[in-house]
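A.B. asks: Quick one: this structure, given as structure tokens, is what I'll be asking you about.
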Amino acid sequence: MPSRRRWLVAVGAVVLLLLAGGAVALVVGLGPTGTHSQAADPPPPTTADPTTADPTTADPTTAAPTTTALPSPTGPPPFDRTQNSIDEANSIWVVVDKLRPLNPIDYAPADLVDVGNGHQMRAEAAAALHQMFADAAAQGLRLDVDSAYRSYVYQQNTFASGVARLGEAQALRGIAKPGYSEHQTGLAADIGGGGCEIDPCFATTPQGQWVAQNAYRYGFVIRYPDGAEGVTGYRYEPWHVRYVGVALATEMRTEGVPTLEQFFALPAAPSYAG
Ligand SMILES: [Zn+2]
């Protein structure tokens, strides 16, 4: 029996050794594996770091354009919409429409000069019109002045005869009340050519198309554009040009804003108040 106990002890020792060896092997095995997995784990974190670093670097990337976008505002300064008055009658930016009569209502410019055909405009506008006509003529396009400055009294008579001829409702569509006409500013002109005078067909002539494309270079806008009657209160008048200066005319064209009312965020003026 002692031999059997000894055998059992031996077997037990072997089992213990095996267990211990297995444990060591496990520890050793886990060790390297753990070390490897730890060494392998960092890469995932390292690849996870870039992943999280990507958004982080994406933030700087998006922040970078923002900072590179900053210089552009410092480039061209924004257009100053307050550099001239839109209320004063003698301002080249004065906005006159069916809700904005001239002030005073019988305003008359002090610097009218001849522009041909017995018509007058303010000196600055007249010089610009003269240059525009000269440049058009140089391309074989003759332009005429059909109307320009109209006094308060003249407009009174025009409006009265229009009402008598067309009835008030129809007259109001095409003829301004005295004190509400751009022509009274001395900055507006009705121009023609190519066989069309004060008629929508002017838009289809080479002269009218040249004016539509180039008037802004001389400081003029087509004051009553097509489709803007609800804003300006007037049907399309391709012949009616209004001097506002090169800076504003160019800015309106650049921004694609067709009317003075929209550019200065003024109420639409489809009809007279009251
Ligand atoms: Zn006109």
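Chain identifiers are assigned as A, B, and so on, following the order in which chains appear in the structure tokens; residues are numbered from 1 within each chain, and ligands are numbered from 1 in order of appearance.
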Check which residues of chain A sit at most 6 Å from ligand 1 using only C-alpha atoms and all ligand atoms, and return one row each with the closest pair of atoms and their distance in Å to one decimal, ordered by chain and rising number, as JSON lines.
C.D. replies:
{"residue": "A:Ala189", "atom": "CA", "partner": "ligand 1", "partner_atom_place_in_ligand_line": "1 (Zn)", "distance": 5.7}
{"residue": "A:Asp190", "atom": "CA", "partner": "ligand 1", "partner_atom_place_in_ligand_line": "1 (Zn)", "distance": 4.7}
{"residue": "A:His240", "atom": "CA", "partner": "ligand 1", "partner_atom_place_in_ligand_line": "1 (Zn)", "distance": 4.5}
A.B. asks: I'd like to know which residues of region 64-256 of chain A are strand (DSSP E or B) (by DSSP, run on the backbone); could you write them as number ranges by chain?
C.D. replies: A: 97, 100, 112-116, 119-122, 144-147, 188-193, 196, 220-224, 237-243
A.B. asks: Output C-alpha atoms for every residue in that selection, as a PDB file, in the first residue's frame.
C.D. replies:
ATOM      1  CA  ASP A  97     -41.514 106.372 -57.465  1.00  0.00           C
ATOM      2  CA  ARG A 100     -41.648 108.588 -53.048  1.00  0.00           C
ATOM      3  CA  LEU A 112     -29.435 121.843 -66.241  1.00  0.00           C
ATOM      4  CA  VAL A 113     -27.580 121.793 -69.557  1.00  0.00           C
ATOM      5  CA  ASP A 114     -28.650 121.042 -73.120  1.00  0.00           C
ATOM      6  CA  VAL A 115     -28.492 117.443 -74.361  1.00  0.00           C
ATOM      7  CA  GLY A 116     -29.954 117.986 -77.836  1.00  0.00           C
ATOM      8  CA  HIS A 119     -33.933 118.752 -74.010  1.00  0.00           C
ATOM      9  CA  GLN A 120     -31.962 119.275 -70.811  1.00  0.00           C
ATOM     10  CA  MET A 121     -30.387 117.172 -68.078  1.00  0.00           C
ATOM     11  CA  ARG A 122     -28.242 117.886 -65.033  1.00  0.00           C
ATOM     12  CA  ASP A 144     -31.671 110.161 -80.052  1.00  0.00           C
ATOM     13  CA  VAL A 145     -32.942 112.012 -77.009  1.00  0.00           C
ATOM     14  CA  ASP A 146     -36.726 112.000 -77.071  1.00  0.00           C
ATOM     15  CA  SER A 147     -37.302 113.470 -73.621  1.00  0.00           C
ATOM     16  CA  ALA A 188     -33.612 110.608 -66.562  1.00  0.00           C
ATOM     17  CA  ALA A 189     -33.926 110.488 -70.317  1.00  0.00           C
ATOM     18  CA  ASP A 190     -36.070 108.737 -72.883  1.00  0.00           C
ATOM     19  CA  ILE A 191     -33.842 107.669 -75.724  1.00  0.00           C
ATOM     20  CA  GLY A 192     -34.542 106.031 -79.062  1.00  0.00           C
ATOM     21  CA  GLY A 193     -33.027 104.879 -82.299  1.00  0.00           C
ATOM     22  CA  CYS A 196     -38.183 103.015 -82.369  1.00  0.00           C
ATOM     23  CA  PHE A 220     -27.289 104.607 -66.371  1.00  0.00           C
ATOM     24  CA  VAL A 221     -29.812 101.931 -65.429  1.00  0.00           C
ATOM     25  CA  ILE A 222     -32.877 100.804 -67.350  1.00  0.00           C
ATOM     26  CA  ARG A 223     -35.140 102.134 -64.642  1.00  0.00           C
ATOM     27  CA  TYR A 224     -38.304 100.211 -65.564  1.00  0.00           C
ATOM     28  CA  GLU A 237     -39.654 100.946 -70.700  1.00  0.00           C
ATOM     29  CA  PRO A 238     -36.433  99.927 -72.469  1.00  0.00           C
ATOM     30  CA  TRP A 239     -36.041 103.550 -73.593  1.00  0.00           C
ATOM     31  CA  HIS A 240     -36.107 105.204 -70.152  1.00  0.00           C
ATOM     32  CA  VAL A 241     -32.593 105.479 -68.706  1.00  0.00           C
ATOM     33  CA  ARG A 242     -31.804 106.924 -65.316  1.00  0.00           C
ATOM     34  CA  TYR A 243     -28.410 108.278 -64.313  1.00  0.00           C
TER      35      TYR A 243
END
A.B. asks: What's the 8 Å shell around region 252-264 of chain A, counting only C-alpha atoms, without same-chain residues fewer than 4 positions away, as an MDAnalysis selection string?
C.D. replies: chainID A and resid 81 95 216 223:225 228 231:232 248 268
A.B. asks: Give me a file of those residues, with C-alpha atoms, as a CSV table (one decimal), in the first residue's frame.
C.D. replies:
chain,number,residue,atom,x,y,z
A,81,ARG,CA,-25.2,101.9,-49.8
A,95,VAL,CA,-35.3,107.2,-55.6
A,216,TYR,CA,-24.2,100.9,-66.8
A,223,ARG,CA,-35.1,102.1,-64.6
A,224,TYR,CA,-38.3,100.2,-65.6
A,225,PRO,CA,-37.1,96.7,-66.5
A,228,ALA,CA,-41.0,94.7,-62.7
A,231,VAL,CA,-42.0,97.0,-58.0
A,232,THR,CA,-41.5,100.2,-60.0
A,248,LEU,CA,-24.1,102.2,-58.4
A,268,ALA,CA,-42.6,98.0,-53.9
A.B. asks: Skipping near chain neighbours, those fewer than 4 positions away, what residues fall within 9 Å of Ala136 (chain A) using only C-alpha atoms, listed as a ChimeraX atom specification?
C.D. replies: /A:131-132,140-143,207,210-211
A.B. asks: I'd like to know which residues of region 104-228 of chain A are helix (DSSP H, G or I) (by DSSP, run on the backbone); could you write them as a PyMOL selection string?
C.D. replies: chain A and resi 123-138+152-166+168-174+182-185+200-204+206-218
A.B. asks: So the first atom is CA of Lys98 (chain A) and the second is CA of Ser161 (chain A); what is the distance between them in Å, to one decimal place?
C.D. replies: 19.1 Å
A.B. asks: Find, counting only C-alpha atoms, the residue in A:Ile86, A:Ala148, A:Ala125, A:Leu99 that gets nearest to Pro267 (chain A).
C.D. replies: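 The answer is A:Leu99, which sits nearest to Pro267 (chain A).
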A.B. asks: Would you please work out which residue, of A:Ala137, A:Ala203, A:Val244, A:Ala108, is nearest to Asp226 (chain A) when using only C-alpha atoms?
C.D. replies: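 Selected residue with least distance to Asp226 (chain A): A:Ala203.
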